[in-house]
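So this one's coords-v6.cif, mmCIF, C-alpha atoms:
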data_data
#
loop_
_atom_site.label_atom_id
_atom_site.label_comp_id
_atom_site.auth_asym_id
_atom_site.auth_seq_id
_atom_site.Cartn_x
_atom_site.Cartn_y
_atom_site.Cartn_z
CA MET A 1 -62.17 -67.91 72.39
CA ALA A 2 -59.87 -70.74 73.42
CA THR A 3 -56.16 -70.21 72.79
CA LEU A 4 -54.05 -72.75 70.94
CA GLN A 5 -52.61 -73.78 74.30
CA ASP A 6 -56.14 -74.38 75.69
CA THR A 7 -57.06 -76.43 72.64
CA THR A 8 -53.88 -78.48 72.84
CA ASP A 9 -54.48 -79.16 76.54
CA GLN A 10 -58.05 -80.26 75.89
CA ILE A 11 -56.92 -82.67 73.14
CA LEU A 12 -54.29 -84.17 75.44
CA GLU A 13 -56.85 -84.57 78.24
CA LEU A 14 -59.36 -86.19 75.91
CA ALA A 15 -56.80 -88.55 74.36
CA ALA A 16 -55.42 -89.54 77.76
CA ALA A 17 -58.85 -90.27 79.16
CA HIS A 18 -60.20 -92.17 76.16
CA PHE A 19 -57.13 -94.22 75.34
CA LYS A 20 -56.25 -94.73 78.99
CA VAL A 21 -52.77 -93.21 78.85
CA PRO A 22 -51.53 -91.15 81.82
CA ARG A 23 -51.92 -87.46 80.94
CA ALA A 24 -48.41 -86.76 82.24
CA GLN A 25 -46.98 -89.04 79.56
CA LEU A 26 -48.40 -86.97 76.71
CA SER A 27 -46.87 -83.81 75.30
CA PRO A 28 -47.80 -81.60 72.33
CA ASP A 29 -45.02 -82.83 70.06
CA ASP A 30 -45.75 -86.52 70.56
CA ASP A 31 -46.71 -88.68 67.59
CA PHE A 32 -50.21 -89.60 68.68
CA PHE A 33 -50.35 -92.78 66.57
CA LYS A 34 -47.28 -94.13 68.34
CA LYS A 35 -47.95 -92.67 71.76
CA LEU A 36 -51.56 -93.83 71.90
CA GLY A 37 -50.86 -97.01 69.95
CA ILE A 38 -53.86 -96.47 67.69
CA ASN A 39 -54.75 -97.87 64.26
CA SER A 40 -56.76 -96.25 61.48
CA LEU A 41 -60.15 -97.18 62.95
CA GLN A 42 -59.16 -95.77 66.33
CA ALA A 43 -57.92 -92.62 64.58
CA LEU A 44 -61.43 -92.22 63.16
CA ASP A 45 -62.82 -92.73 66.64
CA LEU A 46 -60.53 -89.97 67.92
CA LEU A 47 -61.61 -87.69 65.08
CA THR A 48 -65.27 -88.19 65.98
CA ARG A 49 -64.63 -87.51 69.66
CA LEU A 50 -62.70 -84.33 68.82
CA GLU A 51 -65.49 -83.12 66.53
CA GLN A 52 -68.02 -83.70 69.29
CA HIS A 53 -65.89 -82.12 72.00
CA PHE A 54 -65.11 -78.96 70.05
CA HIS A 55 -68.43 -78.84 68.15
CA ILE A 56 -66.66 -78.64 64.81
CA GLU A 57 -66.47 -80.56 61.57
CA LEU A 58 -62.94 -81.64 60.68
CA PRO A 59 -62.58 -83.28 57.25
CA ASP A 60 -60.30 -86.31 57.35
CA TYR A 61 -58.08 -84.90 54.60
CA GLU A 62 -57.13 -82.04 56.92
CA LEU A 63 -55.47 -84.68 59.10
CA GLN A 64 -53.43 -86.33 56.36
CA GLY A 65 -49.81 -86.11 57.30
CA VAL A 66 -50.69 -84.85 60.78
CA SER A 67 -49.33 -87.05 63.53
CA ASP A 68 -48.49 -84.74 66.45
CA PHE A 69 -50.90 -83.19 68.93
CA ARG A 70 -49.67 -79.64 68.32
CA THR A 71 -50.47 -79.67 64.59
CA LEU A 72 -53.76 -81.40 65.33
CA ALA A 73 -54.58 -78.57 67.73
CA GLU A 74 -53.76 -75.99 65.03
CA ARG A 75 -56.14 -77.70 62.58
CA ILE A 76 -58.88 -77.69 65.19
CA GLN A 77 -58.14 -74.12 66.27
CA SER A 78 -58.70 -72.89 62.71
CA ARG A 79 -62.26 -74.19 62.84
CA LEU A 80 -63.29 -72.85 66.26
CA MET B 81 -85.98 -120.15 56.83
CA LYS B 82 -87.16 -118.27 59.92
CA THR B 83 -83.70 -118.29 61.41
CA PHE B 84 -80.28 -118.52 59.80
CA ARG B 85 -76.69 -118.32 60.91
CA GLY B 86 -74.04 -118.18 58.23
CA GLU B 87 -70.42 -117.10 57.93
CA ALA B 88 -71.18 -113.43 57.33
CA LEU B 89 -74.62 -112.80 58.81
CA SER B 90 -77.57 -114.23 60.68
CA TRP B 91 -81.26 -113.48 60.91
CA HIS B 92 -84.14 -114.23 63.24
CA ILE B 93 -87.53 -112.78 64.12
CA VAL B 94 -88.20 -111.20 67.50
CA ASP B 95 -91.30 -109.16 68.46
CA ALA B 96 -92.55 -109.26 64.85
CA THR B 97 -89.31 -107.70 63.64
CA ILE B 98 -86.76 -109.41 61.41
CA GLU B 99 -83.28 -108.77 62.74
CA LEU B 100 -80.53 -109.18 60.16
CA VAL B 101 -77.14 -109.09 61.91
CA LEU B 102 -73.89 -108.66 59.97
CA ASP B 103 -70.98 -110.43 61.62
CA ARG B 104 -67.83 -111.11 59.62
CA ALA B 105 -64.32 -109.96 60.54
CA PRO B 106 -62.82 -107.51 60.21
CA CYS B 107 -65.74 -105.15 59.58
CA ASN B 108 -68.41 -106.93 57.52
CA GLU B 109 -66.75 -106.36 54.16
CA ILE B 110 -69.10 -107.44 51.37
CA GLY B 111 -67.43 -110.08 49.23
CA SER B 112 -68.63 -113.33 47.71
CA VAL B 113 -69.55 -114.97 51.04
CA ALA B 114 -71.59 -112.03 52.32
CA LEU B 115 -73.26 -111.58 48.92
CA THR B 116 -74.33 -115.22 48.76
CA GLU B 117 -75.81 -115.04 52.25
CA LEU B 118 -77.54 -111.74 51.48
CA GLU B 119 -79.10 -113.48 48.46
CA GLN B 120 -80.28 -116.27 50.77
CA PHE B 121 -81.82 -113.63 53.01
CA ILE B 122 -83.66 -112.03 50.09
CA ALA B 123 -84.94 -115.45 49.02
CA ALA B 124 -86.29 -115.98 52.55
CA LEU B 125 -87.69 -112.48 52.94
CA GLY B 126 -91.08 -113.25 51.37
CA ALA B 127 -91.80 -115.87 54.03
CA LEU B 128 -90.31 -113.77 56.84
CA GLU B 129 -92.50 -110.79 55.93
CA ARG B 130 -95.64 -112.70 56.81
CA ASP B 131 -94.57 -112.72 60.48
CA ALA B 132 -93.02 -109.27 60.71
CA HIS B 133 -93.78 -105.60 60.17
CA ALA B 134 -90.18 -104.33 60.29
CA LEU B 135 -86.63 -105.26 59.43
CA ILE B 136 -83.61 -104.06 61.40
CA ILE B 137 -80.13 -104.42 59.91
CA SER B 138 -77.29 -104.11 62.41
CA SER B 139 -73.74 -105.28 63.00
CA ALA B 140 -72.24 -107.45 65.72
CA ARG B 141 -68.73 -106.17 64.93
CA LYS B 142 -67.44 -103.55 67.34
CA GLU B 143 -65.52 -101.81 64.53
CA GLY B 144 -68.69 -100.68 62.85
CA PHE B 145 -71.69 -101.41 60.67
CA CYS B 146 -69.86 -102.30 57.45
CA ALA B 147 -66.64 -101.14 55.79
CA GLY B 148 -68.01 -101.72 52.27
CA ALA B 149 -66.97 -104.00 49.45
CA ASP B 150 -64.25 -106.55 50.11
CA LEU B 151 -61.52 -104.78 48.15
CA ARG B 152 -58.88 -107.35 49.04
CA GLU B 153 -60.98 -110.13 47.54
CA LEU B 154 -61.70 -108.00 44.48
CA TYR B 155 -58.01 -107.24 44.02
CA HIS B 156 -56.74 -110.81 44.46
CA ARG B 157 -59.45 -112.29 42.21
CA SER B 158 -58.77 -109.68 39.57
CA LEU B 159 -55.07 -110.55 39.47
CA GLN B 160 -55.89 -114.08 38.38
CA LEU B 161 -58.13 -113.16 35.44
CA PRO B 162 -57.69 -111.62 31.97
CA SER B 163 -59.33 -108.21 31.64
CA ALA B 164 -62.47 -109.37 29.80
CA ALA B 165 -63.19 -112.01 32.44
CA ARG B 166 -62.50 -109.51 35.23
CA LEU B 167 -65.06 -107.11 33.81
CA GLU B 168 -67.59 -109.88 33.37
CA GLY B 169 -67.06 -110.97 36.98
CA VAL B 170 -67.46 -107.43 38.30
CA ARG B 171 -70.63 -106.84 36.29
CA ASP B 172 -72.08 -110.11 37.56
CA PHE B 173 -71.25 -109.15 41.16
CA LEU B 174 -72.87 -105.72 40.69
CA GLU B 175 -76.02 -107.19 39.12
CA ARG B 176 -76.34 -109.57 42.07
CA ILE B 177 -75.72 -106.99 44.79
CA HIS B 178 -78.14 -104.58 43.08
CA ARG B 179 -80.86 -107.25 43.18
CA VAL B 180 -80.23 -107.61 46.92
CA MET B 181 -80.18 -103.86 47.58
CA ASN B 182 -83.30 -103.26 45.46
CA ALA B 183 -85.17 -106.03 47.27
CA ILE B 184 -84.40 -104.48 50.66
CA ASP B 185 -85.22 -101.00 49.35
CA GLU B 186 -88.66 -102.02 48.07
CA ALA B 187 -89.50 -104.56 50.81
CA PRO B 188 -93.11 -104.12 51.96
CA LEU B 189 -92.16 -103.60 55.58
CA VAL B 190 -90.37 -100.78 57.35
CA THR B 191 -86.61 -101.18 57.21
CA ILE B 192 -84.22 -99.67 59.74
CA ALA B 193 -80.42 -99.59 59.64
CA ALA B 194 -79.00 -99.47 63.17
CA VAL B 195 -75.46 -98.27 62.55
CA HIS B 196 -72.34 -97.59 64.59
CA GLY B 197 -68.70 -96.93 63.79
CA VAL B 198 -67.50 -97.42 60.25
CA THR B 199 -70.36 -97.14 57.74
CA PHE B 200 -68.34 -96.79 54.56
CA GLY B 201 -68.83 -97.43 50.86
CA GLY B 202 -70.99 -100.51 50.36
CA GLY B 203 -71.93 -100.39 54.05
CA PHE B 204 -73.23 -96.86 53.61
CA GLU B 205 -75.05 -98.05 50.47
CA LEU B 206 -76.69 -100.87 52.42
CA ALA B 207 -77.84 -98.40 55.09
CA LEU B 208 -79.23 -96.14 52.35
CA THR B 209 -81.57 -98.88 51.15
CA CYS B 210 -83.35 -98.68 54.50
CA ASP B 211 -86.30 -96.44 55.27
CA LEU B 212 -84.69 -95.11 58.45
CA ILE B 213 -81.12 -94.88 59.72
CA VAL B 214 -80.66 -94.88 63.49
CA ALA B 215 -77.05 -93.99 64.30
CA ASP B 216 -74.84 -94.42 67.32
CA LYS B 217 -73.16 -91.03 67.87
CA MET B 218 -69.80 -92.59 66.97
CA ALA B 219 -70.97 -93.67 63.49
CA ARG B 220 -69.11 -92.25 60.49
CA PHE B 221 -70.31 -92.24 56.89
CA CYS B 222 -68.09 -92.10 53.82
CA PHE B 223 -67.97 -92.81 50.11
CA PRO B 224 -64.24 -93.37 49.47
CA GLU B 225 -64.65 -95.03 46.03
CA LEU B 226 -63.27 -92.20 43.93
CA ARG B 227 -59.85 -92.84 45.49
CA LEU B 228 -59.88 -96.13 43.57
CA GLY B 229 -60.83 -94.50 40.29
CA LEU B 230 -64.40 -95.76 40.69
CA ILE B 231 -67.82 -94.52 41.71
CA PRO B 232 -69.88 -96.26 44.40
CA GLY B 233 -71.27 -99.40 42.76
CA PHE B 234 -73.92 -100.77 45.11
CA GLY B 235 -76.53 -98.08 44.38
CA GLY B 236 -74.95 -95.33 46.43
CA ILE B 237 -75.27 -92.22 44.30
CA PRO B 238 -78.91 -92.65 43.21
CA ARG B 239 -79.98 -93.43 46.77
CA LEU B 240 -77.91 -90.62 48.29
CA LYS B 241 -79.42 -88.20 45.76
CA ARG B 242 -82.86 -89.44 46.77
CA ASP B 243 -82.24 -88.41 50.37
CA LEU B 244 -79.82 -85.46 50.27
CA GLY B 245 -79.16 -82.18 48.55
CA ASN B 246 -76.84 -82.51 45.59
CA ALA B 247 -74.19 -80.18 47.07
CA LEU B 248 -73.41 -82.53 49.96
CA VAL B 249 -73.51 -85.53 47.63
CA ARG B 250 -70.79 -83.91 45.50
CA ASP B 251 -68.77 -82.97 48.59
CA LEU B 252 -68.84 -86.55 49.92
CA LEU B 253 -67.99 -88.08 46.55
CA PHE B 254 -65.32 -85.65 45.35
CA THR B 255 -63.41 -85.43 48.65
CA GLY B 256 -64.02 -88.96 49.93
CA ARG B 257 -64.23 -87.48 53.43
CA SER B 258 -66.21 -89.04 56.21
CA ILE B 259 -68.92 -87.30 58.20
CA ASN B 260 -70.09 -88.04 61.71
CA ALA B 261 -73.62 -88.95 62.80
CA THR B 262 -74.46 -85.44 63.96
CA LYS B 263 -73.61 -83.99 60.55
CA ALA B 264 -75.50 -86.81 58.83
CA GLN B 265 -78.56 -86.07 60.94
CA ALA B 266 -78.33 -82.34 60.26
CA ALA B 267 -78.21 -83.15 56.53
CA GLY B 268 -81.36 -85.26 56.81
CA LEU B 269 -79.70 -88.61 56.23
CA VAL B 270 -80.00 -90.03 59.73
CA SER B 271 -83.30 -89.90 61.58
CA GLN B 272 -82.03 -90.49 65.12
CA VAL B 273 -78.63 -90.13 66.82
CA VAL B 274 -78.30 -92.05 70.07
CA ALA B 275 -75.64 -92.75 72.69
CA GLU B 276 -72.74 -95.11 72.07
CA GLY B 277 -73.91 -98.71 71.96
CA ASP B 278 -77.60 -97.75 71.90
CA ALA B 279 -78.48 -97.85 68.18
CA LEU B 280 -79.99 -101.35 68.17
CA ARG B 281 -82.11 -100.67 71.26
CA ALA B 282 -83.39 -97.44 69.70
CA ALA B 283 -84.09 -99.22 66.41
CA ARG B 284 -86.08 -101.89 68.25
CA ALA B 285 -88.12 -99.21 70.05
CA THR B 286 -88.75 -97.55 66.68
CA ALA B 287 -89.84 -100.86 65.15
CA ALA B 288 -92.22 -101.45 68.06
CA GLN B 289 -93.81 -98.04 67.48
CA ILE B 290 -94.14 -98.71 63.74
CA GLY B 291 -95.89 -101.99 64.55
CA LYS B 292 -98.77 -100.11 66.21
CA PHE B 293 -99.95 -98.75 62.87
CA ASP B 294 -101.98 -100.48 60.18
CA ARG B 295 -99.53 -102.37 58.01
CA GLU B 296 -101.32 -101.80 54.69
CA THR B 297 -101.36 -98.04 55.30
CA THR B 298 -97.64 -98.04 56.07
CA LYS B 299 -96.93 -100.06 52.90
CA ALA B 300 -98.95 -97.62 50.80
CA ALA B 301 -97.14 -94.65 52.35
CA LYS B 302 -93.77 -96.25 51.68
CA ARG B 303 -94.58 -96.89 48.02
CA PHE B 304 -95.70 -93.28 47.68
CA ILE B 305 -92.76 -91.53 49.38
CA LYS B 306 -89.80 -93.79 48.61
CA PRO B 307 -89.55 -94.58 44.91
CA VAL B 308 -86.63 -96.80 43.89
CA PRO B 309 -84.49 -94.94 41.30
CA TYR B 310 -84.22 -97.94 38.94
CA GLN B 311 -83.07 -96.03 35.86
CA GLU B 312 -80.18 -94.33 37.66
CA LEU B 313 -79.24 -97.60 39.33
CA ARG B 314 -78.84 -99.19 35.89
CA GLN B 315 -76.73 -96.22 34.76
CA GLU B 316 -74.55 -96.64 37.83
CA ILE B 317 -73.66 -100.23 36.89
CA ASP B 318 -72.73 -99.14 33.36
CA ILE B 319 -70.56 -96.23 34.54
CA PHE B 320 -68.86 -98.40 37.15
CA CYS B 321 -68.01 -101.07 34.56
CA GLU B 322 -66.74 -98.45 32.12
CA LEU B 323 -64.41 -97.05 34.80
CA PHE B 324 -63.34 -100.47 36.06
CA THR B 325 -61.27 -101.25 32.96
CA ARG B 326 -58.99 -98.22 33.44
CA PRO B 327 -55.43 -98.66 34.80
CA ALA B 328 -56.20 -96.19 37.61
CA VAL B 329 -58.40 -98.83 39.23
CA ASP B 330 -55.60 -101.40 39.38
CA ALA B 331 -53.32 -98.82 40.90
CA GLY B 332 -55.95 -97.69 43.41
CA LEU B 333 -56.77 -101.22 44.50
CA ARG B 334 -53.11 -102.16 44.82
CA LYS B 335 -52.41 -99.04 46.86
CA PHE B 336 -55.29 -99.85 49.20
CA VAL B 337 -54.38 -103.50 49.66
CA GLU B 338 -50.71 -102.79 50.25
CA SER B 339 -51.23 -99.65 52.32
CA THR B 340 -49.90 -99.33 55.84
CA ASP B 341 -51.14 -95.75 56.17
CA ALA B 342 -53.02 -94.80 59.27
CA LEU B 343 -55.93 -93.59 57.15
CA PRO B 344 -55.81 -95.96 54.15
CA TYR B 345 -59.31 -95.16 52.93
CA LEU B 346 -58.24 -91.66 51.90
CA PRO B 347 -56.67 -90.92 48.50
#
Encoding of this model in structure tokens:
Amino acid sequence: MATLQDTTDQILELAAAHFKVPRAQLSPDDDFFKKLGINSLQALDLLTRLEQHFHIELPDYELQGVSDFRTLAERIQSRL
Amino acid sequence: MKTFRGEALSWHIVDATIELVLDRAPCNEIGSVALTELEQFIAALGALERDAHALIISSARKEGFCAGADLRELYHRSLQLPSAARLEGVRDFLERIHRVMNAIDEAPLVTIAAVHGVTFGGGFELALTCDLIVADKMARFCFPELRLGLIPGFGGIPRLKRDLGNALVRDLLFTGRSINATKAQAAGLVSQVVAEGDALRAARATAAQIGKFDRETTKAAKRFIKPVPYQELRQEIDIFCELFTRPAVDAGLRKFVESTDALPYLP
């Protein structure tokens, strides 16, 4: 099973590729709304891509209050 | 009218299929303009049906199929009216949108919703009137109405119950969460999931296949397998109006309209 570090890395790779941000500019503690410059519709888009990538279902309410990649990775990790 | 282009939508016939295209910024919210044009579409549908065997409803907005009722319009109109007039206005709107939704639901041709992106609230309810839902893999479905102190008002619960097990219906309503196209297909709500940007093409291919069959047989099959839940739809309007007068609705609408949250559709 993937470790939390693996999951975090995969999220950062996916976010960098989709939102066209250099991977080197992203770190686990970044606020992904600010760093990726995304709005609520793009956040939904990211949620869908994460669900597809990790083959999980992640209810939106699990993401309320979550804004950094590390906590996002923890939420995903709990459903792997 | 065989073709129409309005402020919120357009329609035309191509390859014996009526294509109704929603196109109003930001994401096809259904307010007074969209409702009036949907009513025009329903008025034209009888004539259009003579030249078509299928109807495809899609969106030209990149954000998605439809984000539901125009809550900003509802909120700002409500502010200007005393409570009795507000309720009367809401009931009138619901009666009108139900006539539109029922007409699409019972139309004697095969109806296909080609959806992508945000398919929320009234947008989800519009898709549920259709015989088939073809979804882009990035589509998301949601009934966020309970966050406003309301239930879905455009026929959502009776039509969702018609298609899905009650457990998932309760989950979607009580949590207001959104589900992706893959989950919706696994639940039996969506008939096809296709690549990003491919829903309309797949819907057209489906309509072409449907056109190969005898139209009268297809109409008879539709009448048999897809009853319109009229009684529950009437109950829905009554429950919605009963809830609408509560202070929680004002607070919910105000919170939504004034929200700067990243995920404002959640409670």
Which residues are close to Arg130 (chain B), i.e. within 12 Å by all atoms listed in the file, leaving aside same-chain residues fewer than 6 positions away? Reply as a PyMOL selection string. chain B and resi 82+93+96-98+124+187-189+295
For the file shown, report as a PDB file with C-alpha atoms, keeping the file's coordinate frame the outcome of the PyMOL selection byres ((chain A) within 8 of (chain B)) at residue level.
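In the end it all went to expr-v4.pdb:
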ATOM      1  CA  ASN A  39     -54.750 -97.870  64.260  1.00  0.00           C
ATOM      2  CA  SER A  40     -56.760 -96.250  61.480  1.00  0.00           C
ATOM      3  CA  LEU A  41     -60.150 -97.180  62.950  1.00  0.00           C
ATOM      4  CA  ALA A  43     -57.920 -92.620  64.580  1.00  0.00           C
ATOM      5  CA  ASP A  45     -62.820 -92.730  66.640  1.00  0.00           C
ATOM      6  CA  THR A  48     -65.270 -88.190  65.980  1.00  0.00           C
ATOM      7  CA  ARG A  49     -64.630 -87.510  69.660  1.00  0.00           C
ATOM      8  CA  GLU A  57     -66.470 -80.560  61.570  1.00  0.00           C
ATOM      9  CA  PRO A  59     -62.580 -83.280  57.250  1.00  0.00           C
ATOM     10  CA  ASP A  60     -60.300 -86.310  57.350  1.00  0.00           C
ATOM     11  CA  TYR A  61     -58.080 -84.900  54.600  1.00  0.00           C
ATOM     12  CA  GLN A  64     -53.430 -86.330  56.360  1.00  0.00           C
TER      13      GLN A  64
END
Find the spatial neighbours of Lys35 (chain A), counting all atoms listed in the file, within a cut-off of 10 Å - ignore same-chain residues fewer than 6 positions away - and output them as a list in words.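 Final neighbour list, sorted by chain and number: Phe19, Val21, Gln25, Leu26, Ser27 and Asp68 of chain A.
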Could you work out how far CA of Asp131 (chain B) lies from CA of Thr298 (chain B), giving the answer in Å with one decimal? 15.6 Å
Could you spell out the hits of the PyMOL selection byres ((chain A and resi 15) around 12) on the shown file, as a PyMOL selection string? chain A and resi 8-14+16-28+30+32-33+35-38+42-43+45-50+53+69+72
Would you compute the distance between CA of Cys107 (chain B) and CA of Arg141 (chain B)? Give it in Å to one decimal. 6.2 Å
Grab all the atoms of region 234-243 of chain B that the file lists, wrap them in a box along x, y and z, add 5 Å per side, and give me centre plus edge lengths in Å (one decimal) as JSON.
{"center_x": -78.4, "center_y": -94.5, "center_z": 46.8, "size_x": 18.9, "size_y": 22.6, "size_z": 17.2}
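What the PyMOL selection byres ((chain B and resi 228) around 9) grabs from this file is Pro224, Glu225, Leu226, Arg227, Gly229, Leu230, Ile231, Ala328, Val329, Asp330, Ala331, Gly332, Leu333, Lys335, Phe336 and Pro347 of chain B.
Among the candidate residues B:Thr191, B:Ser112, B:Thr286, B:Asn182, the one lying nearest to Glu129 (chain B) is B:Thr191, with distances computed using all atoms listed in the file.
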Which value, in Å to one decimal, gives the distance between CA of Asp29 (chain A) and CA of Glu74 (chain A)? 12.2 Å
